[in-house]
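Text of structure_6.tsv, listed as TSV, C-alpha atoms and all ligand atoms:
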chain	number	residue	atom	x	y	z
A	1	MET	CA	0.00	0.00	0.00
A	2	LYS	CA	1.29	3.48	-0.91
A	3	ASP	CA	2.13	5.72	1.99
A	4	VAL	CA	-0.47	8.11	3.36
A	5	ILE	CA	1.10	11.30	1.99
A	6	SER	CA	1.05	10.11	-1.62
A	7	ARG	CA	-2.50	8.77	-1.15
A	8	ILE	CA	-3.57	12.21	0.09
A	9	GLU	CA	-2.10	13.64	-3.12
A	10	ASP	CA	-3.83	11.00	-5.23
A	11	PHE	CA	-7.29	11.23	-3.70
A	12	LEU	CA	-7.86	14.71	-2.23
A	13	ILE	CA	-8.63	17.90	-4.13
A	14	PRO	CA	-5.45	19.92	-3.62
A	15	PHE	CA	-7.02	22.85	-1.77
A	16	TYR	CA	-4.47	22.70	1.07
A	17	SER	CA	-0.75	23.00	1.20
A	18	ARG	CA	-0.04	20.65	4.09
A	19	THR	CA	2.94	20.11	6.34
A	20	PRO	CA	3.79	16.45	5.70
A	21	ILE	CA	3.11	15.24	9.23
A	22	ALA	CA	0.30	12.86	10.17
A	23	ILE	CA	-0.74	13.73	13.71
A	24	VAL	CA	-2.53	10.79	15.24
A	25	ARG	CA	-2.78	11.54	18.95
A	26	GLY	CA	-2.89	14.54	21.27
A	27	HIS	CA	-2.89	15.40	24.96
A	28	GLU	CA	-3.35	18.97	26.23
A	29	HIS	CA	-0.84	21.01	24.18
A	30	TRP	CA	1.20	18.04	22.93
A	31	VAL	CA	0.57	16.10	19.74
A	32	TYR	CA	2.24	12.96	18.37
A	33	ASP	CA	2.70	11.85	14.78
A	34	ASP	CA	2.39	8.37	13.29
A	35	HIS	CA	6.12	7.80	13.90
A	36	GLY	CA	5.78	8.71	17.59
A	37	SER	CA	7.47	12.15	17.32
A	38	LYS	CA	6.17	14.69	19.81
A	39	TYR	CA	5.33	18.34	19.01
A	40	LEU	CA	4.36	21.35	21.11
A	41	ASP	CA	1.13	22.51	19.48
A	42	LEU	CA	0.88	26.30	19.51
A	43	THR	CA	-1.88	26.27	16.87
A	44	SER	CA	-4.79	24.50	18.63
A	45	GLY	CA	-5.79	23.25	15.17
A	46	ILE	CA	-6.24	26.89	14.06
A	47	GLY	CA	-7.84	28.07	17.27
A	48	VAL	CA	-10.10	25.08	17.84
A	49	THR	CA	-8.73	22.87	20.61
A	50	GLY	CA	-8.23	25.73	23.04
A	51	PHE	CA	-9.35	23.56	25.94
A	52	GLY	CA	-6.62	21.04	25.19
A	53	HIS	CA	-6.35	17.96	23.02
A	54	SER	CA	-8.29	14.98	24.39
A	55	ASN	CA	-9.80	17.07	27.17
A	56	PRO	CA	-11.12	14.32	29.45
A	57	ARG	CA	-14.33	16.13	30.50
A	58	ILE	CA	-15.27	17.07	26.93
A	59	ASN	CA	-14.43	13.56	25.71
A	60	MET	CA	-16.54	12.01	28.48
A	61	ALA	CA	-19.53	14.20	27.59
A	62	LEU	CA	-19.23	13.12	23.94
A	63	ARG	CA	-18.85	9.43	24.83
A	64	LYS	CA	-21.88	9.55	27.11
A	65	GLN	CA	-23.97	11.23	24.44
A	66	LEU	CA	-22.81	8.83	21.71
A	67	ASP	CA	-24.14	5.91	23.71
A	68	MET	CA	-27.56	7.62	24.06
A	69	ILE	CA	-28.32	9.09	20.63
A	70	SER	CA	-26.33	11.18	18.17
A	71	HIS	CA	-28.89	12.63	15.78
A	72	THR	CA	-32.61	13.09	15.33
A	73	SER	CA	-33.25	16.36	13.49
A	74	ASN	CA	-34.43	19.89	14.08
A	75	LEU	CA	-37.96	18.62	13.41
A	76	PHE	CA	-37.88	17.53	17.07
A	77	ILE	CA	-36.77	18.98	20.37
A	78	ILE	CA	-33.05	18.59	21.14
A	79	PRO	CA	-32.76	19.39	24.87
A	80	GLY	CA	-29.01	20.15	24.71
A	81	GLN	CA	-29.72	23.09	22.38
A	82	ALA	CA	-31.67	24.86	25.12
A	83	GLU	CA	-28.92	24.28	27.68
A	84	LEU	CA	-26.11	25.36	25.37
A	85	ALA	CA	-28.00	28.41	24.05
A	86	GLU	CA	-28.71	29.54	27.61
A	87	LYS	CA	-25.04	29.20	28.52
A	88	ILE	CA	-24.03	31.22	25.44
A	89	THR	CA	-26.45	34.03	26.32
A	90	GLU	CA	-25.15	34.06	29.89
A	91	ALA	CA	-21.58	34.38	28.60
A	92	ALA	CA	-22.49	37.15	26.12
A	93	PHE	CA	-25.85	38.98	26.15
A	94	PRO	CA	-29.57	38.16	26.24
A	95	GLY	CA	-30.92	36.88	22.94
A	96	LYS	CA	-31.57	33.75	20.91
A	97	VAL	CA	-29.23	31.25	19.27
A	98	PHE	CA	-29.12	29.35	15.98
A	99	PHE	CA	-26.80	26.36	15.68
A	100	CYS	CA	-24.88	25.35	12.58
A	101	ASN	CA	-21.62	23.54	11.85
A	102	SER	CA	-18.83	26.00	11.05
A	103	GLY	CA	-17.69	29.60	11.16
A	104	ALA	CA	-18.54	30.37	7.54
A	105	GLU	CA	-22.03	28.95	8.05
A	106	ALA	CA	-22.50	31.05	11.17
A	107	ASN	CA	-21.53	34.13	9.14
A	108	GLU	CA	-23.88	33.10	6.31
A	109	THR	CA	-26.65	32.92	8.87
A	110	ALA	CA	-25.78	36.35	10.24
A	111	ILE	CA	-25.79	37.81	6.71
A	112	LYS	CA	-29.26	36.36	6.10
A	113	ILE	CA	-30.54	37.68	9.44
A	114	ALA	CA	-29.08	41.13	8.70
A	115	ARG	CA	-30.64	41.22	5.23
A	116	ILE	CA	-34.06	40.22	6.61
A	117	TYR	CA	-33.72	42.83	9.37
A	118	GLY	CA	-32.82	45.54	6.84
A	119	ASN	CA	-35.43	44.48	4.30
A	120	ARG	CA	-38.19	44.80	6.85
A	121	LYS	CA	-37.16	48.39	7.58
A	122	ASN	CA	-36.99	49.33	3.91
A	123	GLN	CA	-36.17	47.42	0.76
A	124	SER	CA	-32.95	49.24	-0.02
A	125	LYS	CA	-31.44	48.62	3.43
A	126	SER	CA	-29.25	45.72	2.30
A	127	ARG	CA	-25.67	46.97	2.18
A	128	ILE	CA	-23.18	45.17	4.43
A	129	LEU	CA	-19.88	46.68	5.52
A	130	SER	CA	-16.80	44.78	6.60
A	131	LEU	CA	-13.16	45.72	7.02
A	132	SER	CA	-10.07	45.51	4.88
A	133	GLY	CA	-7.84	42.70	6.11
A	134	SER	CA	-10.81	40.79	7.52
A	135	PHE	CA	-11.51	37.08	7.15
A	136	HIS	CA	-14.99	35.60	7.44
A	137	GLY	CA	-14.77	32.14	5.84
A	138	ARG	CA	-14.76	30.46	2.44
A	139	THR	CA	-18.35	30.26	1.22
A	140	ILE	CA	-19.32	32.67	-1.55
A	141	ALA	CA	-21.11	35.03	0.85
A	142	ALA	CA	-18.27	34.86	3.37
A	143	ILE	CA	-15.54	35.58	0.80
A	144	SER	CA	-17.69	38.40	-0.58
A	145	MET	CA	-17.22	40.24	2.71
A	146	THR	CA	-13.67	39.05	3.36
A	147	GLY	CA	-11.41	42.07	2.96
A	148	GLN	CA	-8.46	40.27	1.42
A	149	GLU	CA	-8.41	40.07	-2.38
A	150	LYS	CA	-6.48	36.78	-2.47
A	151	TYR	CA	-9.50	34.90	-1.06
A	152	ARG	CA	-11.93	36.40	-3.60
A	153	ARG	CA	-9.88	36.27	-6.80
A	154	GLY	CA	-11.34	34.03	-9.47
A	155	PHE	CA	-14.68	33.43	-7.77
A	156	GLU	CA	-16.47	36.44	-9.24
A	157	PRO	CA	-19.26	37.37	-9.57
A	158	LEU	CA	-19.59	37.56	-5.81
A	159	LEU	CA	-22.48	38.60	-3.63
A	160	THR	CA	-23.38	42.22	-4.29
A	161	GLY	CA	-24.12	44.87	-1.67
A	162	MET	CA	-20.87	44.30	0.24
A	163	GLU	CA	-18.39	47.12	0.82
A	164	PHE	CA	-15.05	47.35	2.60
A	165	VAL	CA	-14.06	50.01	5.12
A	166	ARG	CA	-10.36	50.57	5.69
A	167	PHE	CA	-9.27	48.92	8.95
A	168	ASN	CA	-9.56	51.26	11.95
A	169	ASP	CA	-10.13	54.24	9.60
A	170	ILE	CA	-12.68	56.56	11.19
A	171	SER	CA	-13.09	58.87	8.21
A	172	ASP	CA	-13.62	55.91	5.86
A	173	ILE	CA	-16.44	54.51	7.99
A	174	GLU	CA	-17.99	57.97	8.18
A	175	ARG	CA	-17.94	58.07	4.37
A	176	LYS	CA	-19.36	54.59	3.89
A	177	MET	CA	-22.07	54.34	6.55
A	178	GLY	CA	-25.59	55.29	5.54
A	179	ASN	CA	-29.28	54.52	5.79
A	180	ASP	CA	-28.92	51.62	3.36
A	181	VAL	CA	-26.43	49.76	5.59
A	182	CYS	CA	-28.11	46.85	7.36
A	183	ALA	CA	-25.00	45.62	9.17
A	184	ILE	CA	-21.30	45.97	9.80
A	185	PHE	CA	-19.16	42.88	10.43
A	186	LEU	CA	-16.14	43.19	12.71
A	187	GLU	CA	-13.51	40.96	14.29
A	188	ALA	CA	-12.39	42.25	17.70
A	189	VAL	CA	-8.92	41.10	16.66
A	190	GLN	CA	-8.37	40.16	13.04
A	191	GLY	CA	-6.93	36.65	13.09
A	192	GLU	CA	-6.09	35.57	9.55
A	193	GLY	CA	-5.41	39.24	8.77
A	194	GLY	CA	-2.37	39.23	11.08
A	195	ILE	CA	-3.54	39.64	14.74
A	196	ASN	CA	-4.77	43.21	14.40
A	197	PRO	CA	-6.94	44.55	17.25
A	198	LEU	CA	-9.72	47.06	16.59
A	199	SER	CA	-8.97	50.51	17.99
A	200	GLY	CA	-11.15	52.05	20.71
A	201	GLY	CA	-11.71	55.19	18.60
A	202	PHE	CA	-12.93	53.20	15.62
A	203	VAL	CA	-15.27	51.14	17.81
A	204	LYS	CA	-16.72	54.31	19.30
A	205	LYS	CA	-17.45	55.61	15.79
A	206	VAL	CA	-19.04	52.30	14.78
A	207	LYS	CA	-21.34	52.54	17.79
A	208	GLU	CA	-22.33	56.10	17.03
A	209	LEU	CA	-22.98	55.53	13.31
A	210	SER	CA	-24.79	52.21	13.77
A	211	LYS	CA	-27.17	53.89	16.16
A	212	LYS	CA	-27.70	56.83	13.83
A	213	PHE	CA	-28.44	54.64	10.81
A	214	ASP	CA	-30.04	51.70	12.64
A	215	SER	CA	-27.43	49.24	11.33
A	216	LEU	CA	-26.62	46.00	13.13
A	217	ILE	CA	-23.23	45.51	14.76
A	218	ILE	CA	-22.04	41.95	14.14
A	219	PHE	CA	-18.91	40.56	15.71
A	220	ASP	CA	-17.37	37.54	14.03
A	221	GLU	CA	-16.11	35.70	17.12
A	222	VAL	CA	-15.15	32.55	15.24
A	223	GLN	CA	-11.47	32.93	16.13
A	224	THR	CA	-11.66	35.38	19.04
A	225	GLY	CA	-14.50	33.72	20.96
A	226	LEU	CA	-14.55	31.32	23.92
A	227	GLY	CA	-11.63	32.62	25.98
A	228	ARG	CA	-9.04	33.13	23.25
A	229	THR	CA	-8.61	36.87	23.95
A	230	GLY	CA	-8.78	36.54	27.74
A	231	LYS	CA	-12.52	37.31	27.80
A	232	LYS	CA	-15.40	34.99	27.01
A	233	PHE	CA	-15.82	36.85	23.71
A	234	GLY	CA	-13.43	39.23	21.99
A	235	TYR	CA	-15.85	42.19	21.87
A	236	GLN	CA	-15.82	42.19	25.69
A	237	ASN	CA	-12.35	43.76	25.50
A	238	LEU	CA	-14.01	46.77	23.85
A	239	ASP	CA	-16.66	49.23	24.98
A	240	ILE	CA	-19.42	47.91	22.72
A	241	GLU	CA	-22.48	45.65	22.80
A	242	PRO	CA	-23.08	43.85	19.49
A	243	ASP	CA	-26.49	42.92	18.06
A	244	LEU	CA	-25.18	39.59	16.80
A	245	ILE	CA	-22.12	37.44	17.34
A	246	THR	CA	-21.03	34.41	15.36
A	247	MET	CA	-18.86	31.63	16.76
A	248	ALA	CA	-17.49	28.17	15.87
A	249	LYS	CA	-13.94	26.77	16.24
A	250	ALA	CA	-13.41	26.39	20.03
A	251	LEU	CA	-17.13	25.95	20.74
A	252	GLY	CA	-16.79	22.20	20.09
A	253	ASN	CA	-13.07	21.91	20.97
A	254	GLY	CA	-12.75	19.82	17.80
A	255	PHE	CA	-16.31	18.64	17.36
A	256	PRO	CA	-17.83	20.68	14.49
A	257	ILE	CA	-20.33	23.25	15.71
A	258	GLY	CA	-21.10	26.87	14.89
A	259	ALA	CA	-23.59	29.28	16.37
A	260	VAL	CA	-25.10	32.72	16.00
A	261	LEU	CA	-26.39	34.68	18.98
A	262	ALA	CA	-28.83	37.45	18.02
A	263	ALA	CA	-30.20	40.03	20.43
A	264	ASN	CA	-33.93	39.66	20.99
A	265	LYS	CA	-34.80	42.77	18.98
A	266	VAL	CA	-33.30	40.99	15.94
A	267	ALA	CA	-34.13	37.34	16.69
A	268	ASP	CA	-37.78	38.00	17.39
A	269	GLY	CA	-38.32	39.10	13.79
A	270	MET	CA	-37.21	35.72	12.37
A	271	GLU	CA	-39.71	33.04	11.30
A	272	ALA	CA	-39.78	29.27	10.86
A	273	GLY	CA	-38.55	28.25	7.41
A	274	MET	CA	-36.25	31.22	6.82
A	275	HIS	CA	-33.10	29.25	7.59
A	276	ALA	CA	-32.08	25.73	8.63
A	277	SER	CA	-29.27	23.21	8.94
A	278	THR	CA	-29.63	19.42	8.98
A	279	PHE	CA	-26.78	18.79	11.39
A	280	GLY	CA	-26.94	22.12	13.21
A	281	GLY	CA	-26.98	21.65	16.98
A	282	ASN	CA	-27.26	17.89	16.93
A	283	PHE	CA	-26.92	15.92	20.16
A	284	LEU	CA	-23.18	15.39	19.90
A	285	ALA	CA	-22.42	18.97	18.92
A	286	CYS	CA	-24.43	20.26	21.87
A	287	ALA	CA	-22.81	17.82	24.28
A	288	ALA	CA	-19.39	19.10	23.18
A	289	GLY	CA	-20.55	22.74	23.36
A	290	ILE	CA	-22.01	22.39	26.86
A	291	ALA	CA	-18.82	20.71	28.10
A	292	VAL	CA	-16.76	23.55	26.55
A	293	MET	CA	-18.91	26.22	28.20
A	294	ASN	CA	-18.39	24.46	31.53
A	295	GLU	CA	-14.62	24.77	31.01
A	296	LEU	CA	-14.86	28.51	30.31
A	297	THR	CA	-14.55	29.69	33.91
A	298	GLU	CA	-13.31	32.96	35.39
A	299	GLU	CA	-10.29	31.05	36.74
A	300	LEU	CA	-9.39	29.93	33.23
A	301	LEU	CA	-9.71	33.50	31.93
A	302	ASP	CA	-7.43	34.70	34.75
A	303	LYS	CA	-4.89	32.08	33.74
A	304	ILE	CA	-5.07	33.12	30.07
A	305	ASN	CA	-4.54	36.78	30.99
A	306	GLU	CA	-1.68	35.97	33.32
A	307	LEU	CA	0.05	33.83	30.66
A	308	SER	CA	-0.54	36.57	28.09
A	309	LYS	CA	1.36	39.10	30.22
A	310	TYR	CA	4.21	36.67	30.77
A	311	PHE	CA	4.35	35.81	27.05
A	312	LEU	CA	4.43	39.51	26.10
A	313	MET	CA	7.24	40.20	28.55
A	314	LYS	CA	9.33	37.33	27.11
A	315	LEU	CA	8.59	38.27	23.48
A	316	GLU	CA	9.43	41.92	24.07
A	317	SER	CA	12.81	40.96	25.47
A	318	ILE	CA	13.48	38.93	22.31
A	319	ARG	CA	12.40	41.88	20.17
A	320	ASN	CA	14.74	44.18	22.10
A	321	LYS	CA	17.56	41.79	21.33
A	322	TYR	CA	16.65	41.47	17.63
A	323	PRO	CA	14.98	44.77	16.67
A	324	GLY	CA	15.97	44.27	13.02
A	325	ILE	CA	14.01	41.00	12.80
A	326	ILE	CA	10.91	41.46	14.98
A	327	LYS	CA	8.84	44.48	14.04
A	328	GLU	CA	6.06	44.16	16.62
A	329	ASN	CA	4.53	41.73	19.11
A	330	ARG	CA	0.73	41.84	19.30
A	331	LEU	CA	-1.06	39.86	22.01
A	332	VAL	CA	-4.67	39.86	23.13
A	333	GLY	CA	-5.00	37.04	25.62
A	334	LEU	CA	-3.51	33.98	23.95
A	335	MET	CA	-4.08	35.31	20.47
A	336	ILE	CA	-0.52	36.12	19.52
A	337	GLY	CA	1.09	37.75	16.49
A	338	ILE	CA	4.82	38.26	16.09
A	339	GLU	CA	5.31	40.50	13.08
A	340	LEU	CA	8.63	39.89	11.38
A	341	TYR	CA	10.45	42.20	9.00
A	342	SER	CA	10.56	40.82	5.48
A	343	VAL	CA	14.28	40.02	5.91
A	344	PHE	CA	13.11	37.02	7.93
A	345	PRO	CA	10.29	35.30	6.00
A	346	VAL	CA	7.75	33.73	8.33
A	347	LYS	CA	7.97	30.45	6.41
A	348	ASP	CA	11.62	30.19	7.50
A	349	ALA	CA	10.58	30.83	11.11
A	350	LEU	CA	7.89	28.14	10.84
A	351	LYS	CA	10.34	25.64	9.39
A	352	GLY	CA	12.91	26.41	12.10
A	353	LEU	CA	10.29	25.97	14.83
A	354	LEU	CA	9.03	22.73	13.28
A	355	ASP	CA	12.58	21.37	13.22
A	356	ASN	CA	12.55	22.04	16.97
A	357	GLY	CA	9.24	20.23	17.46
A	358	ILE	CA	7.00	23.32	17.65
A	359	LEU	CA	3.84	23.84	15.56
A	360	ALA	CA	2.97	27.46	14.75
A	361	MET	CA	1.18	29.30	11.94
A	362	LYS	CA	1.35	32.25	9.60
A	363	ALA	CA	-1.09	35.17	9.35
A	364	GLY	CA	-1.24	38.42	7.40
A	365	GLU	CA	1.83	39.32	5.37
A	366	ASN	CA	4.70	38.16	7.56
A	367	VAL	CA	3.24	37.45	10.99
A	368	LEU	CA	4.06	34.41	13.08
A	369	ARG	CA	0.72	33.49	14.64
A	370	LEU	CA	0.27	31.46	17.82
A	371	LEU	CA	-3.06	30.27	19.19
A	372	PRO	CA	-1.89	27.90	21.92
A	373	PRO	CA	-4.21	25.67	23.92
A	374	PHE	CA	-5.08	27.23	27.28
A	375	THR	CA	-3.47	24.24	28.97
A	376	ILE	CA	0.05	25.60	28.36
A	377	GLY	CA	2.08	27.03	31.22
A	378	ARG	CA	5.16	29.20	31.68
A	379	LYS	CA	7.37	26.18	30.99
A	380	GLU	CA	6.06	25.82	27.44
A	381	ILE	CA	6.30	29.59	26.86
A	382	ASP	CA	9.94	29.49	28.02
A	383	TYR	CA	10.63	26.55	25.72
A	384	PHE	CA	9.13	28.36	22.71
A	385	CYS	CA	10.99	31.60	23.50
A	386	GLU	CA	14.27	29.76	23.90
A	387	LYS	CA	13.86	28.14	20.47
A	388	LEU	CA	12.72	31.40	18.86
A	389	THR	CA	15.75	33.19	20.32
A	390	SER	CA	18.15	30.61	18.96
A	391	LEU	CA	16.50	30.86	15.52
A	392	MET	CA	16.91	34.65	15.59
A	393	GLU	CA	20.50	34.30	16.75
A	394	THR	CA	21.37	31.88	13.94
A	395	TYR	CA	19.57	34.09	11.46
A	396	SER	CA	21.26	37.27	12.58
A	397	LEU	CA	24.68	35.62	12.32
A	398	THR	CA	24.11	34.19	8.86
A	399	SER	CA	22.10	36.94	7.18
A	400	LYS	CA	23.07	40.40	6.01
A	401	TYR	CA	20.15	42.24	7.55
B	1	LIG	N1	-14.36	33.85	10.68
B	1	LIG	C1	-13.14	33.94	11.21
B	1	LIG	C2	-12.77	35.16	11.99
B	1	LIG	C3	-12.21	32.90	11.06
B	1	LIG	O1	-11.00	33.01	11.59
B	1	LIG	C4	-12.62	31.76	10.33
B	1	LIG	C5	-11.67	30.64	10.12
B	1	LIG	O2	-10.49	30.77	10.26
B	1	LIG	C6	-13.91	31.71	9.79
B	1	LIG	C7	-14.75	32.77	10.00
B	1	LIG	C8	-14.37	30.51	9.01
B	1	LIG	O3	-14.60	29.45	9.87
B	1	LIG	P1	-14.78	27.97	9.27
B	1	LIG	O4	-13.48	27.57	8.69
B	1	LIG	O5	-15.20	27.15	10.46
B	1	LIG	O6	-15.85	28.05	8.23
Write the structure described by the file as structure tokens, please.
Amino acid sequence: MKDVISRIEDFLIPFYSRTPIAIVRGHEHWVYDDHGSKYLDLTSGIGVTGFGHSNPRINMALRKQLDMISHTSNLFIIPGQAELAEKITEAAFPGKVFFCNSGAEANETAIKIARIYGNRKNQSKSRILSLSGSFHGRTIAAISMTGQEKYRRGFEPLLTGMEFVRFNDISDIERKMGNDVCAIFLEAVQGEGGINPLSGGFVKKVKELSKKFDSLIIFDEVQTGLGRTGKKFGYQNLDIEPDLITMAKALGNGFPIGAVLAANKVADGMEAGMHASTFGGNFLACAAGIAVMNELTEELLDKINELSKYFLMKLESIRNKYPGIIKENRLVGLMIGIELYSVFPVKDALKGLLDNGILAMKAGENVLRLLPPFTIGRKEIDYFCEKLTSLMETYSLTSKY
């Protein structure tokens, strides 16, 4: 039998450029490949397994549910949906929840809700604003409002009625807001865009203009939600109350689930038949989601914030040592971006880290992105920083920068 890597090439549509490692097992922040090699996972499967690989309480909840029933349909009552939705509202704001299976689907749902909301006010209230540098998923509607050309190229014609506002640009949002805007989509911290936090001044302007024009404020919390930024949701770091939030990724800690929370003033206008999902909020997804929400305690958030401060302190001392390589460190909770000057391509940093048994990711132009599981401690941060320092040292000795 051919080996797994060449079978992947033979049988899968080549949408991904994959690191040739087959990870078969994980525990907390450690993963192991099919040859038994161990890696420190600072990716959490792109911000998914924040509560640790093979989290015993989440696994137990899934196992218990699997032995009861896994799926009926949304034609019947699924009790876990009520429990999970209540927990989500308690963690965010009062409202009603819709369950789906992924981040892009959650955003699709929010777009549909926003369009219905606008349409009911007046038929031309359909324009949706989002930001340059944003990322909202890979469906046609989601790429239509993703503010990075590389994700849209070749898929035209896209959904119309979408417009981009320059990131954190107050005068641009003033120019683009109007009575015909039904919603603005924001990420509290742009993830794929390069770990870029929204500014307080921009958020204040969004609040003011959304109120003036009766436009919905929608936070895409797919990457920032569920503890990642040191709060239950990313918007809670800012002085703003959204009308809708979308979430996915960490909500199932690896079990696929997405959700939209809409404030009552928005949710109450929706009707049966407007939207649906076969798998959305099935028994297993809800069991995983409830177990995740039980993990999301104030103590955990304190730990995330404490580790964030420690990480920043360590990264800043590396930047002070290598100011010609590291441009900026950006951390919000355990959402971490290390922006490198172009003299040190991030792909070289990733390769160097991988050679030292560390999994990390890229974001934006040349940003080393880390989304570690919340199970890490100072020891793992020290280990990463030690390896990063030796990479920088080797690089600074061998390059002409
Ligand atoms: N929104 C944001 C902010 C994301 O980071 C992502 C994925 O990275 C998505 C939406 C899309 O989520 P999914 O891949 O689950 O569709």
Ligand LIG 1 (chain B), all listed atoms, 3 Å padding on each side: what axis-aligned box centre and edge lengths in Å to one decimal come out, as lines of an AutoDock Vina configuration file?
center_x = -13.2
center_y = 31.2
center_z = 10.1
size_x = 11.4
size_y = 14.0
size_z = 9.8
Can you tell me which residues come within 8 Å of ligand LIG 1 (chain B) when counting all atoms listed in the file, ideally as a PyMOL selection string? chain A and resi 46-47+101-107+134-139+142+187+190-192+220-224+247-249+258
Expected file: the selected residues, C-alpha atoms, as a PDB file, keeping the file's coordinate frame:
ATOM      1  CA  ILE A  46      -6.240  26.890  14.060  1.00  0.00           C
ATOM      2  CA  GLY A  47      -7.840  28.070  17.270  1.00  0.00           C
ATOM      3  CA  ASN A 101     -21.620  23.540  11.850  1.00  0.00           C
ATOM      4  CA  SER A 102     -18.830  26.000  11.050  1.00  0.00           C
ATOM      5  CA  GLY A 103     -17.690  29.600  11.160  1.00  0.00           C
ATOM      6  CA  ALA A 104     -18.540  30.370   7.540  1.00  0.00           C
ATOM      7  CA  GLU A 105     -22.030  28.950   8.050  1.00  0.00           C
ATOM      8  CA  ALA A 106     -22.500  31.050  11.170  1.00  0.00           C
ATOM      9  CA  ASN A 107     -21.530  34.130   9.140  1.00  0.00           C
ATOM     10  CA  SER A 134     -10.810  40.790   7.520  1.00  0.00           C
ATOM     11  CA  PHE A 135     -11.510  37.080   7.150  1.00  0.00           C
ATOM     12  CA  HIS A 136     -14.990  35.600   7.440  1.00  0.00           C
ATOM     13  CA  GLY A 137     -14.770  32.140   5.840  1.00  0.00           C
ATOM     14  CA  ARG A 138     -14.760  30.460   2.440  1.00  0.00           C
ATOM     15  CA  THR A 139     -18.350  30.260   1.220  1.00  0.00           C
ATOM     16  CA  ALA A 142     -18.270  34.860   3.370  1.00  0.00           C
ATOM     17  CA  GLU A 187     -13.510  40.960  14.290  1.00  0.00           C
ATOM     18  CA  GLN A 190      -8.370  40.160  13.040  1.00  0.00           C
ATOM     19  CA  GLY A 191      -6.930  36.650  13.090  1.00  0.00           C
ATOM     20  CA  GLU A 192      -6.090  35.570   9.550  1.00  0.00           C
ATOM     21  CA  ASP A 220     -17.370  37.540  14.030  1.00  0.00           C
ATOM     22  CA  GLU A 221     -16.110  35.700  17.120  1.00  0.00           C
ATOM     23  CA  VAL A 222     -15.150  32.550  15.240  1.00  0.00           C
ATOM     24  CA  GLN A 223     -11.470  32.930  16.130  1.00  0.00           C
ATOM     25  CA  THR A 224     -11.660  35.380  19.040  1.00  0.00           C
ATOM     26  CA  MET A 247     -18.860  31.630  16.760  1.00  0.00           C
ATOM     27  CA  ALA A 248     -17.490  28.170  15.870  1.00  0.00           C
ATOM     28  CA  LYS A 249     -13.940  26.770  16.240  1.00  0.00           C
ATOM     29  CA  GLY A 258     -21.100  26.870  14.890  1.00  0.00           C
TER      30      GLY A 258
END
Select, from A:Ser317, A:Ser37, A:Thr229, A:Asn122, the residue with the minimum atom-to-atom distance to Asn356 (chain A), counting all atoms listed in the file.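 Of the candidates, the smallest distance to Asn356 (chain A) is held by A:Ser37.
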If I take CA of Gly26 (chain A) and CA of Ile381 (chain A), how far is one from the other in Å, to one decimal?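 Between these atoms lies a distance of 18.5 Å.
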Could you check the closest approach to His275 (chain A) for each of A:Thr109, A:Ser70, A:Ser54, A:Ser17 and tell me which residue wins, using only C-alpha atoms?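 With only C-alpha atoms as the atom set, the closest residue is A:Thr109.
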In the coordinate frame of the file, compute which residues have an atom within 10 Å of (5.3, 18.5, 20.5) when using only C-alpha atoms, and state them as an MDAnalysis selection string. chainID A and resid 26:27 29:33 37:42 354 356:359
Determine, for each residue of region 97-195 of chain A having at least one atom at most 9 Å from an atom of region 333-337 of chain A, the closest pair of atoms and their separation in Å to one decimal, counting all atoms listed in the file; order by chain and ascending number, as CSV.
residue,atom,partner,partner_atom,distance
A:Val189,CA,A:Met335,CA,8.5
A:Gly191,CA,A:Met335,CA,8.0
A:Gly194,CA,A:Gly337,CA,6.6
A:Ile195,CA,A:Gly337,CA,5.3
So which residues touch Ile376 (chain A) within 12 Å, counting only C-alpha atoms, skipping near sequence neighbours fewer than 6 positions away, as a list in words? His27, Glu28, His29, Trp30, Leu40, Asp41, Leu42, Thr43, Ser44, Gly50, Phe51, Gly52, His53, Leu300, Lys303, Ile304, Glu306, Leu307, Ser308, Phe311, Leu334, Asp382, Tyr383 and Phe384 of chain A
Given all atoms listed in the file as the basis, pick out the residue of A:Thr297, A:Leu244, A:Cys286, A:Ala22 nearest to Asp3 (chain A). A:Ala22
Counting all atoms listed in the file, figure out which residue out of A:Ala250, A:Met145, A:Leu75, A:Leu186 gets nearest to Asn282 (chain A).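 Counting all atoms listed in the file, the residue closest to Asn282 (chain A) is A:Leu75.
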Two-atom distance - CA of Asn119 (chain A), CA of Val181 (chain A) (Å):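 It comes out at 10.5 Å.
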Using only C-alpha atoms, collect all residues at a distance of at most 10 Å from (-30.5, 46.5, 6.9) as written in the file, then present them as a list in words. Ile111, Ile113, Ala114, Arg115, Ile116, Tyr117, Gly118, Asn119, Arg120, Lys121, Asn122, Gln123, Ser124, Lys125, Ser126, Arg127, Ile128, Asn179, Asp180, Val181, Cys182, Ala183, Ile184, Phe213, Asp214, Ser215 and Leu216 of chain A
Shortest interatomic distance to Lys232 (chain A) - which of A:Tyr322, A:Phe93, A:Phe255, A:Tyr341, counting only C-alpha atoms: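 Using only C-alpha atoms, Lys232 (chain A) sits closest to A:Phe93.
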Excluding Ile326 (chain A) and any residue of its chain fewer than 4 positions from it, enumerate the residues within 9 Å of it, using all atoms listed in the file, and give them as a list in words.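 That gives Ile318, Arg319, Asn320, Tyr322, Ile338, Glu339, Leu340, Tyr341 and Phe344 of chain A.
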Between CA of Pro157 (chain A) and CA of Ser144 (chain A), what is the distance in Å, rounded to a tenth?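 Here the two named atoms are 9.2 Å from each other.
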Smallest atom-to-atom distance to Asp243 (chain A): which of A:Ala288, A:Val332, A:Lys314, A:Ala110, using all atoms listed in the file? A:Ala110
Please identify all polymer residues within 12 Å of Leu284 (chain A), counting all atoms listed in the file, omitting same-chain residues fewer than 4 positions from it, and present them as a PyMOL selection string. chain A and resi 58-73+78-81+84+101+252+254-257+279-280+288-291
